[in-house]
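Colleague: Below is the file upload_2.csv, which contains CSV, C-alpha atoms.
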```
chain,number,residue,atom,x,y,z
A,27,MET,CA,76.9,65.9,142.7
A,28,ARG,CA,79.7,66.0,140.2
A,29,ARG,CA,82.0,68.9,140.2
A,30,TRP,CA,82.7,70.1,136.6
A,31,ASP,CA,86.4,71.1,136.3
A,32,ALA,CA,87.5,72.9,133.1
A,33,GLU,CA,88.9,69.8,131.5
A,34,ALA,CA,85.7,67.8,132.0
A,35,VAL,CA,83.7,70.7,130.5
A,36,ARG,CA,86.1,70.9,127.5
A,37,GLN,CA,85.6,67.2,126.9
A,38,ALA,CA,81.8,67.6,127.1
A,39,MET,CA,81.8,70.6,124.7
A,40,GLN,CA,83.0,68.7,121.6
A,41,VAL,CA,79.6,68.0,119.9
A,42,TYR,CA,76.9,69.8,121.7
A,43,LEU,CA,73.3,69.2,120.6
A,44,VAL,CA,70.7,71.9,121.5
A,45,MET,CA,67.1,70.8,120.9
A,46,GLY,CA,63.5,71.1,121.9
A,47,SER,CA,60.3,69.6,120.4
A,48,VAL,CA,60.0,72.5,117.9
A,49,ASN,CA,63.3,71.7,116.3
A,50,THR,CA,62.4,68.3,114.9
A,51,MET,CA,59.5,66.7,113.1
A,52,LEU,CA,60.4,63.4,114.7
A,53,ASP,CA,60.0,62.1,118.3
A,54,PRO,CA,62.6,64.2,120.3
A,55,VAL,CA,63.4,61.2,122.4
A,56,ASP,CA,64.3,59.1,119.4
A,57,VAL,CA,66.2,62.0,117.9
A,58,LEU,CA,68.3,62.2,121.0
A,59,ARG,CA,69.0,58.5,121.0
A,60,GLN,CA,70.1,58.6,117.4
A,61,ALA,CA,72.3,61.7,118.0
A,62,ILE,CA,74.0,60.0,121.0
A,63,ALA,CA,74.6,56.9,118.8
A,64,GLY,CA,76.2,59.3,116.3
A,65,GLY,CA,78.6,60.8,118.8
A,66,ILE,CA,77.2,63.9,120.5
A,67,THR,CA,78.9,64.6,123.8
A,68,LEU,CA,76.5,67.1,125.5
A,69,PHE,CA,72.7,67.8,125.3
A,70,GLN,CA,70.8,71.0,126.0
A,71,PHE,CA,67.0,70.9,126.4
A,72,ARG,CA,65.9,74.2,124.9
A,73,GLU,CA,62.1,74.3,124.7
A,74,LYS,CA,61.4,77.7,123.2
A,75,GLY,CA,59.6,79.2,120.2
A,76,THR,CA,56.2,78.9,118.6
A,77,GLY,CA,54.5,75.7,119.6
A,78,ALA,CA,56.8,74.9,122.5
A,79,LEU,CA,55.5,72.7,125.2
A,80,ALA,CA,54.5,74.1,128.5
A,81,GLY,CA,53.4,72.7,131.9
A,82,GLU,CA,53.3,69.0,132.5
A,83,ALA,CA,54.1,68.2,128.9
A,84,ARG,CA,57.3,70.2,129.1
A,85,ILE,CA,58.3,68.5,132.3
A,86,THR,CA,57.5,65.0,131.0
A,87,LEU,CA,59.6,65.5,127.9
A,88,ALA,CA,62.5,66.9,129.9
A,89,MET,CA,62.4,63.9,132.2
A,90,GLN,CA,62.4,61.5,129.2
A,91,LEU,CA,65.3,63.2,127.6
A,92,ARG,CA,67.1,63.4,130.9
A,93,GLU,CA,66.7,59.6,131.3
A,94,VAL,CA,68.2,59.0,127.9
A,95,CYS,CA,71.2,61.1,128.7
A,96,SER,CA,71.7,59.4,132.0
A,97,GLN,CA,71.6,56.0,130.4
A,98,HIS,CA,74.4,57.0,128.0
A,99,GLY,CA,76.5,59.1,130.3
A,100,ILE,CA,75.7,62.3,128.4
A,101,PRO,CA,75.5,65.6,130.4
A,102,PHE,CA,72.0,67.1,130.4
A,103,ILE,CA,71.7,70.9,130.4
A,104,VAL,CA,68.5,72.9,130.7
A,105,ASN,CA,68.1,76.2,129.0
A,106,ASP,CA,66.9,79.2,131.1
A,107,ASP,CA,64.7,77.4,133.6
A,108,VAL,CA,66.1,77.0,137.1
A,109,GLU,CA,63.0,75.2,138.5
A,110,LEU,CA,63.0,72.7,135.7
A,111,ALA,CA,66.8,72.1,136.0
A,112,VAL,CA,66.5,71.4,139.7
A,113,ALA,CA,63.3,69.3,139.3
A,114,VAL,CA,64.8,66.9,136.7
A,115,GLU,CA,68.2,66.9,138.4
A,116,ALA,CA,70.0,68.4,135.4
A,117,ASP,CA,73.7,68.4,135.1
A,118,GLY,CA,73.6,72.2,134.5
A,119,MET,CA,72.0,75.2,132.9
A,120,HIS,CA,72.6,77.6,130.1
A,121,VAL,CA,71.4,81.2,130.0
A,122,GLY,CA,71.5,83.9,127.3
A,123,GLN,CA,72.3,87.5,127.8
A,124,ASP,CA,68.5,88.3,127.9
A,125,ASP,CA,67.7,85.4,130.3
A,126,ALA,CA,68.1,85.2,134.0
A,127,ASP,CA,71.1,86.8,135.6
A,128,ALA,CA,74.0,84.4,135.5
A,129,ALA,CA,75.2,85.1,139.0
A,130,LEU,CA,71.7,84.5,140.4
A,131,VAL,CA,71.4,81.3,138.4
A,132,ARG,CA,74.8,80.1,139.8
A,133,ALA,CA,73.6,80.8,143.3
A,134,ARG,CA,70.4,78.8,142.7
A,135,ILE,CA,71.9,75.7,141.0
A,136,GLY,CA,75.0,75.5,143.3
A,137,ALA,CA,78.6,74.8,142.5
A,138,GLY,CA,78.0,71.2,141.4
A,139,ARG,CA,76.1,72.0,138.3
A,140,MET,CA,77.6,73.2,135.0
A,141,LEU,CA,76.7,76.8,134.0
A,142,GLY,CA,76.9,78.0,130.5
A,143,VAL,CA,76.4,81.6,129.4
A,144,SER,CA,76.0,83.0,125.9
A,145,ALA,CA,78.5,85.8,125.1
A,146,HIS,CA,78.8,88.0,122.0
A,147,SER,CA,81.7,90.2,123.1
A,148,VAL,CA,84.7,90.3,125.3
A,149,ALA,CA,82.8,92.4,127.9
A,150,GLU,CA,80.0,89.9,128.1
A,151,ALA,CA,82.4,87.0,128.3
A,152,ARG,CA,84.2,88.6,131.2
A,153,ARG,CA,81.0,89.3,133.1
A,154,ALA,CA,79.9,85.7,132.5
A,155,VAL,CA,83.1,84.3,133.9
A,156,GLN,CA,82.9,86.6,136.9
A,157,ALA,CA,79.4,85.4,137.5
A,158,GLY,CA,80.6,81.8,137.6
A,159,ALA,CA,80.2,80.5,134.1
A,160,ASP,CA,81.9,77.2,133.4
A,161,TYR,CA,81.7,77.7,129.6
A,162,LEU,CA,80.7,80.3,127.1
A,163,GLY,CA,78.4,79.8,124.0
A,164,VAL,CA,79.7,82.2,121.4
A,165,GLY,CA,77.9,83.0,118.2
A,166,PRO,CA,76.4,83.0,115.7
A,167,MET,CA,79.4,81.7,113.9
A,168,TYR,CA,77.4,81.8,110.6
A,169,PRO,CA,73.9,82.8,109.5
A,170,THR,CA,71.3,80.6,111.1
A,171,ARG,CA,67.5,80.3,111.0
A,172,SER,CA,67.2,78.0,114.1
A,173,LYS,CA,66.9,81.0,116.5
A,174,ALA,CA,64.6,83.9,115.7
A,175,ASP,CA,66.4,86.1,118.2
A,176,ALA,CA,69.9,85.4,116.9
A,177,HIS,CA,72.5,88.2,117.1
A,178,ALA,CA,74.6,89.5,114.3
A,179,VAL,CA,77.1,87.0,112.9
A,180,LEU,CA,80.4,87.0,114.7
A,181,GLY,CA,82.2,84.3,112.8
A,182,PRO,CA,85.1,82.3,114.1
A,183,ALA,CA,86.9,85.7,114.5
A,184,GLY,CA,84.6,86.3,117.5
A,185,VAL,CA,86.1,83.2,119.3
A,186,ALA,CA,89.6,84.3,118.4
A,187,GLU,CA,88.9,87.7,119.8
A,188,LEU,CA,87.9,86.2,123.2
A,189,ARG,CA,91.0,84.0,123.3
A,190,ALA,CA,93.2,87.0,122.4
A,191,ALA,CA,91.7,88.9,125.3
A,192,GLY,CA,92.6,86.2,127.7
A,193,ILE,CA,89.3,84.4,128.1
A,194,ALA,CA,90.4,80.9,129.0
A,195,VAL,CA,87.2,79.1,130.0
A,196,PRO,CA,85.9,76.5,127.6
A,197,VAL,CA,84.1,77.9,124.6
A,198,VAL,CA,81.7,76.3,122.2
A,199,GLY,CA,80.8,78.0,118.9
A,200,ILE,CA,77.1,78.0,117.8
A,201,GLY,CA,75.1,79.1,114.9
A,202,GLY,CA,75.0,77.9,111.3
A,203,ILE,CA,77.9,75.5,111.8
A,204,THR,CA,78.3,72.5,109.5
A,205,PRO,CA,80.8,69.6,109.5
A,206,ASP,CA,82.7,71.5,106.8
A,207,THR,CA,83.0,74.7,108.9
A,208,THR,CA,83.7,72.9,112.2
A,209,ALA,CA,87.5,73.1,111.6
A,210,ALA,CA,87.5,76.9,111.2
A,211,VAL,CA,85.5,77.3,114.4
A,212,MET,CA,87.8,75.1,116.4
A,213,ALA,CA,91.0,76.6,114.9
A,214,ALA,CA,89.8,80.0,116.2
A,215,GLY,CA,90.0,78.6,119.7
A,216,ALA,CA,86.6,76.9,120.4
A,217,ASP,CA,86.6,73.6,122.3
A,218,GLY,CA,83.7,72.3,120.3
A,219,VAL,CA,80.6,73.1,118.2
A,220,ALA,CA,76.9,73.4,119.3
A,221,VAL,CA,74.2,72.7,116.7
A,222,ILE,CA,70.5,72.6,116.5
A,223,SER,CA,68.9,72.0,113.1
A,224,ALA,CA,72.0,70.5,111.5
A,225,ILE,CA,71.4,67.4,113.7
A,226,ALA,CA,67.9,67.7,115.0
A,227,GLY,CA,66.4,68.5,111.6
A,228,ALA,CA,68.6,66.1,109.6
A,229,ALA,CA,67.0,63.3,107.5
A,230,ASP,CA,69.6,60.9,109.1
A,231,VAL,CA,70.2,62.1,112.6
A,232,ARG,CA,72.8,59.5,113.5
A,233,ALA,CA,74.8,60.2,110.4
A,234,ALA,CA,74.7,63.9,110.9
A,235,ALA,CA,76.0,63.7,114.4
A,236,ALA,CA,78.7,61.3,113.3
A,237,GLN,CA,79.9,63.8,110.7
A,238,PHE,CA,80.3,66.5,113.3
A,239,ALA,CA,82.0,64.0,115.6
A,240,ALA,CA,84.4,63.1,112.9
A,241,ALA,CA,85.1,66.8,112.1
A,242,VAL,CA,86.0,67.4,115.7
A,243,ARG,CA,88.2,64.4,116.0
A,244,GLY,CA,90.0,65.5,112.9
A,245,MET,CA,91.0,68.8,114.6
A,246,GLN,CA,92.2,66.9,117.6
A,247,ALA,CA,94.4,64.5,115.7
```
Rewrite the structure of this file - the entire thing - as structure tokens.
Modeller:
Amino acid sequence: MRRWDAEAVRQAMQVYLVMGSVNTMLDPVDVLRQAIAGGITLFQFREKGTGALAGEARITLAMQLREVCSQHGIPFIVNDDVELAVAVEADGMHVGQDDADAALVRARIGAGRMLGVSAHSVAEARRAVQAGADYLGVGPMYPTRSKADAHAVLGPAGVAELRAAGIAVPVVGIGGITPDTTAAVMAAGADGVAVISAIAGAADVRAAAAQFAAAVRGMQA
């Protein structure tokens, strides 16, 4: 299994789509294909919320999305479900502060899978790194309605605070980010942006993903 060094993780973080069946009115498999065509670099399967799939239906969708990612060389991350991540041979997992303990997750998934952890403060970030996190998801950057359990808005300043405190692992900003605000998030020290509805709920998924990809490239020029 691939070993995810920091540079590989940074490259993967650039345009990070987070999606489950509840985040789109369209076929999630087709949405993912269109998002990849538009330029996303990482995908997280997050099947949570009212109406989320369970049981065999959840596993089937995960496997379909995993296959699409495999076909296009896009890392596939599972949100907060170790058994599912192992069953579909995911490239990694992401856990929030209220999910499974990051250190226990790292022990379960092994060193070869990427581990992401949500962090909303320097203290949480440090604990996540000590637990073996390969990257941190920091946010919300801006107000968002995609997650009912979203924390208070941190803004790009939240990323800058982590960097100033010496947190060096790859960081992705999440929450309410648009192509127009991508530059501010990355200028604060993020390696990329994670989005849910801005791509999954867009009328033109491919175009929306391409706008984010262009915004990220603009910061790297």
Colleague: Of the candidates A:Leu130, A:Ala209, A:Leu180, A:Ile193, which one gets nearest to Tyr168 of chain A if we count only C-alpha atoms?
Modeller: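 Looking only at the distances to Tyr168 of chain A, the closest residue turns out to be A:Leu180.
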Colleague: Which is closest to Ala154 of chain A among A:Ala126, A:Val211, A:Val219, A:Val41, if we use all atoms listed in the file?
Modeller: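 With all atoms listed in the file as the atom set, the closest residue is A:Ala126.
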Colleague: Fewer than 4 positions away in the same chain doesn't count, so skip those; otherwise give me all residues within 10 Å of Asp127 of chain A, counting only C-alpha atoms, as a list in words.
Modeller: Asp106, Val121, Gly122, Gln123, Val131, Arg132, Val143, Ala154 and Ala157 of chain A
Colleague: Next, write the just-selected residues to a file, as a CSV table (one decimal), in the frame of the given file, keeping C-alpha atoms as the atom set.
Modeller:
```csv
chain,number,residue,atom,x,y,z
A,106,ASP,CA,66.9,79.2,131.1
A,121,VAL,CA,71.4,81.2,130.0
A,122,GLY,CA,71.5,83.9,127.3
A,123,GLN,CA,72.3,87.5,127.8
A,131,VAL,CA,71.4,81.3,138.4
A,132,ARG,CA,74.8,80.1,139.8
A,143,VAL,CA,76.4,81.6,129.4
A,154,ALA,CA,79.9,85.7,132.5
A,157,ALA,CA,79.4,85.4,137.5
```
Colleague: Which distance in Å separates atom CA of Met245 of chain A and atom CA of Met140 of chain A, to one decimal?
Modeller: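 That distance, rounded to one decimal, is 24.8 Å.
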Colleague: What does the structure give for the distance between atom CA of Gly81 of chain A and atom CA of Met39 of chain A, in Å to one decimal?
Modeller: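 A separation of 29.4 Å between them.
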Colleague: One decimal, in Å: what's the spacing between atom CA of Arg59 of chain A and atom CA of His120 of chain A?
Modeller: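 About the pair atom CA of Arg59 of chain A and atom CA of His120 of chain A: they are 21.5 Å apart.
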Colleague: Looking at all atoms listed in the file, which of A:Val48, A:Leu110, A:Val104, A:Met212 is the one that sits closest to Glu82 of chain A?
Modeller: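 The answer is A:Leu110, which sits nearest to Glu82 of chain A.
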Colleague: Tell me which protein, DNA and RNA residues are within 12 Å of Pro196 of chain A, counting only C-alpha atoms, leaving out same-chain ones fewer than 4 positions away, and put them as a PyMOL selection string.
Modeller: chain A and resi 30-40+140-144+151+155+159-164+185+188-189+192+212+215-219
Colleague: Within 10 Å of (75.4, 63.0, 117.0), in the coordinates the file gives, what residues turn up when you count only C-alpha atoms, written out as an NGL selection string?
Modeller: :A and (41-43 or 57-69 or 221 or 224-226 or 231-240)
Colleague: Looking at A:Val94, A:Ile100, A:Met89, A:Met167, which one is nearest to Glu115 of chain A, with distances taken over only C-alpha atoms?
Modeller: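 Nearest candidate to Glu115 of chain A out of A:Val94, A:Ile100, A:Met89, A:Met167: A:Met89.
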Colleague: Point out the residue among A:Glu73, A:Ala228, A:Ala80, A:Ala129 with the least atom-to-atom distance to Ile103 of chain A, counting only C-alpha atoms.
Modeller: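 Closest candidate: A:Glu73.
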Colleague: Let me make sure I understand: among A:Arg92, A:His98, A:Arg139, A:Arg134, which one has the smallest atom-to-atom distance to Gly118 of chain A if we use only C-alpha atoms?
Modeller: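 Counting only C-alpha atoms, the residue closest to Gly118 of chain A is A:Arg139.
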Colleague: Write out as a list in words each polymer residue whose atoms come within 6 Å of Ile200 of chain A, counting all atoms listed in the file; drop sequence neighbours fewer than 2 positions from it.
Modeller: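 Here the answer would be Gly165, Pro166, Met167 and Ala220 of chain A.
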Colleague: For C-alpha atoms, I'd like the residues from the last selection saved as an mmCIF file, in the frame of the given file.
Modeller:
```
data_model
loop_
_atom_site.group_PDB
_atom_site.id
_atom_site.type_symbol
_atom_site.label_atom_id
_atom_site.label_comp_id
_atom_site.auth_asym_id
_atom_site.auth_seq_id
_atom_site.Cartn_x
_atom_site.Cartn_y
_atom_site.Cartn_z
ATOM 1 C CA GLY A 165 77.900 83.000 118.200
ATOM 2 C CA PRO A 166 76.400 83.000 115.700
ATOM 3 C CA MET A 167 79.400 81.700 113.900
ATOM 4 C CA ALA A 220 76.900 73.400 119.300
#
```
Colleague: Please output segment 197-208 of chain A, rebuilt to include all heavy atoms, as a PDB file, in the frame of the given file.
Modeller:
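Wrote result_3.pdb, looks like this:
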```pdb
ATOM      1  N   VAL A 197      85.004  77.183 125.534  1.00  0.00           N
ATOM      2  CA  VAL A 197      84.100  77.900 124.600  1.00  0.00           C
ATOM      3  C   VAL A 197      83.571  76.973 123.575  1.00  0.00           C
ATOM      4  O   VAL A 197      84.300  76.139 123.026  1.00  0.00           O
ATOM      5  CB  VAL A 197      84.912  79.059 123.911  1.00  0.00           C
ATOM      6  CG1 VAL A 197      84.113  79.624 122.724  1.00  0.00           C
ATOM      7  CG2 VAL A 197      85.247  80.180 124.890  1.00  0.00           C
ATOM      8  N   VAL A 198      82.282  77.098 123.299  1.00  0.00           N
ATOM      9  CA  VAL A 198      81.700  76.300 122.200  1.00  0.00           C
ATOM     10  C   VAL A 198      81.063  77.330 121.234  1.00  0.00           C
ATOM     11  O   VAL A 198      80.399  78.290 121.611  1.00  0.00           O
ATOM     12  CB  VAL A 198      80.574  75.376 122.769  1.00  0.00           C
ATOM     13  CG1 VAL A 198      79.437  76.127 123.461  1.00  0.00           C
ATOM     14  CG2 VAL A 198      80.031  74.491 121.667  1.00  0.00           C
ATOM     15  N   GLY A 199      81.360  77.115 119.948  1.00  0.00           N
ATOM     16  CA  GLY A 199      80.800  78.000 118.900  1.00  0.00           C
ATOM     17  C   GLY A 199      79.400  77.442 118.545  1.00  0.00           C
ATOM     18  O   GLY A 199      79.146  76.239 118.564  1.00  0.00           O
ATOM     19  N   ILE A 200      78.493  78.359 118.199  1.00  0.00           N
ATOM     20  CA  ILE A 200      77.100  78.000 117.800  1.00  0.00           C
ATOM     21  C   ILE A 200      76.612  78.881 116.738  1.00  0.00           C
ATOM     22  O   ILE A 200      77.010  80.036 116.625  1.00  0.00           O
ATOM     23  CB  ILE A 200      76.187  78.021 119.069  1.00  0.00           C
ATOM     24  CG1 ILE A 200      74.819  77.425 118.724  1.00  0.00           C
ATOM     25  CG2 ILE A 200      76.066  79.443 119.619  1.00  0.00           C
ATOM     26  CD1 ILE A 200      73.905  77.207 119.920  1.00  0.00           C
ATOM     27  N   GLY A 201      75.728  78.346 115.919  1.00  0.00           N
ATOM     28  CA  GLY A 201      75.100  79.100 114.900  1.00  0.00           C
ATOM     29  C   GLY A 201      75.518  78.844 113.490  1.00  0.00           C
ATOM     30  O   GLY A 201      76.589  79.285 113.079  1.00  0.00           O
ATOM     31  N   GLY A 202      74.724  78.084 112.758  1.00  0.00           N
ATOM     32  CA  GLY A 202      75.000  77.900 111.300  1.00  0.00           C
ATOM     33  C   GLY A 202      76.185  76.991 111.027  1.00  0.00           C
ATOM     34  O   GLY A 202      76.631  76.945 109.881  1.00  0.00           O
ATOM     35  N   ILE A 203      76.715  76.291 112.017  1.00  0.00           N
ATOM     36  CA  ILE A 203      77.900  75.500 111.800  1.00  0.00           C
ATOM     37  C   ILE A 203      77.572  74.190 111.087  1.00  0.00           C
ATOM     38  O   ILE A 203      76.552  73.558 111.377  1.00  0.00           O
ATOM     39  CB  ILE A 203      78.607  75.181 113.151  1.00  0.00           C
ATOM     40  CG1 ILE A 203      78.976  76.486 113.877  1.00  0.00           C
ATOM     41  CG2 ILE A 203      79.869  74.342 112.947  1.00  0.00           C
ATOM     42  CD1 ILE A 203      79.426  76.284 115.309  1.00  0.00           C
ATOM     43  N   THR A 204      78.419  73.785 110.167  1.00  0.00           N
ATOM     44  CA  THR A 204      78.300  72.500 109.500  1.00  0.00           C
ATOM     45  C   THR A 204      79.542  71.700 109.713  1.00  0.00           C
ATOM     46  O   THR A 204      80.544  72.221 110.222  1.00  0.00           O
ATOM     47  CB  THR A 204      78.151  72.748 107.941  1.00  0.00           C
ATOM     48  OG1 THR A 204      79.399  73.278 107.439  1.00  0.00           O
ATOM     49  CG2 THR A 204      77.026  73.736 107.624  1.00  0.00           C
ATOM     50  N   PRO A 205      79.536  70.419 109.357  1.00  0.00           N
ATOM     51  CA  PRO A 205      80.800  69.600 109.500  1.00  0.00           C
ATOM     52  C   PRO A 205      81.942  70.271 108.753  1.00  0.00           C
ATOM     53  O   PRO A 205      83.084  70.226 109.219  1.00  0.00           O
ATOM     54  CB  PRO A 205      80.383  68.276 108.909  1.00  0.00           C
ATOM     55  CG  PRO A 205      78.915  68.159 109.214  1.00  0.00           C
ATOM     56  CD  PRO A 205      78.387  69.543 108.987  1.00  0.00           C
ATOM     57  N   ASP A 206      81.658  70.897 107.594  1.00  0.00           N
ATOM     58  CA  ASP A 206      82.700  71.500 106.800  1.00  0.00           C
ATOM     59  C   ASP A 206      83.305  72.763 107.440  1.00  0.00           C
ATOM     60  O   ASP A 206      84.456  73.113 107.163  1.00  0.00           O
ATOM     61  CB  ASP A 206      82.207  71.857 105.404  1.00  0.00           C
ATOM     62  CG  ASP A 206      81.952  70.617 104.559  1.00  0.00           C
ATOM     63  OD1 ASP A 206      82.524  69.558 104.871  1.00  0.00           O
ATOM     64  OD2 ASP A 206      81.173  70.716 103.589  1.00  0.00           O
ATOM     65  N   THR A 207      82.525  73.454 108.270  1.00  0.00           N
ATOM     66  CA  THR A 207      83.000  74.700 108.900  1.00  0.00           C
ATOM     67  C   THR A 207      83.476  74.458 110.339  1.00  0.00           C
ATOM     68  O   THR A 207      83.956  75.388 110.983  1.00  0.00           O
ATOM     69  CB  THR A 207      81.961  75.788 108.871  1.00  0.00           C
ATOM     70  OG1 THR A 207      80.767  75.323 109.527  1.00  0.00           O
ATOM     71  CG2 THR A 207      81.627  76.189 107.445  1.00  0.00           C
ATOM     72  N   THR A 208      83.321  73.241 110.836  1.00  0.00           N
ATOM     73  CA  THR A 208      83.700  72.900 112.200  1.00  0.00           C
ATOM     74  C   THR A 208      85.206  73.234 112.437  1.00  0.00           C
ATOM     75  O   THR A 208      85.588  73.784 113.473  1.00  0.00           O
ATOM     76  CB  THR A 208      83.430  71.457 112.528  1.00  0.00           C
ATOM     77  OG1 THR A 208      82.006  71.273 112.579  1.00  0.00           O
ATOM     78  CG2 THR A 208      84.021  71.041 113.868  1.00  0.00           C
TER      79      THR A 208
END
```
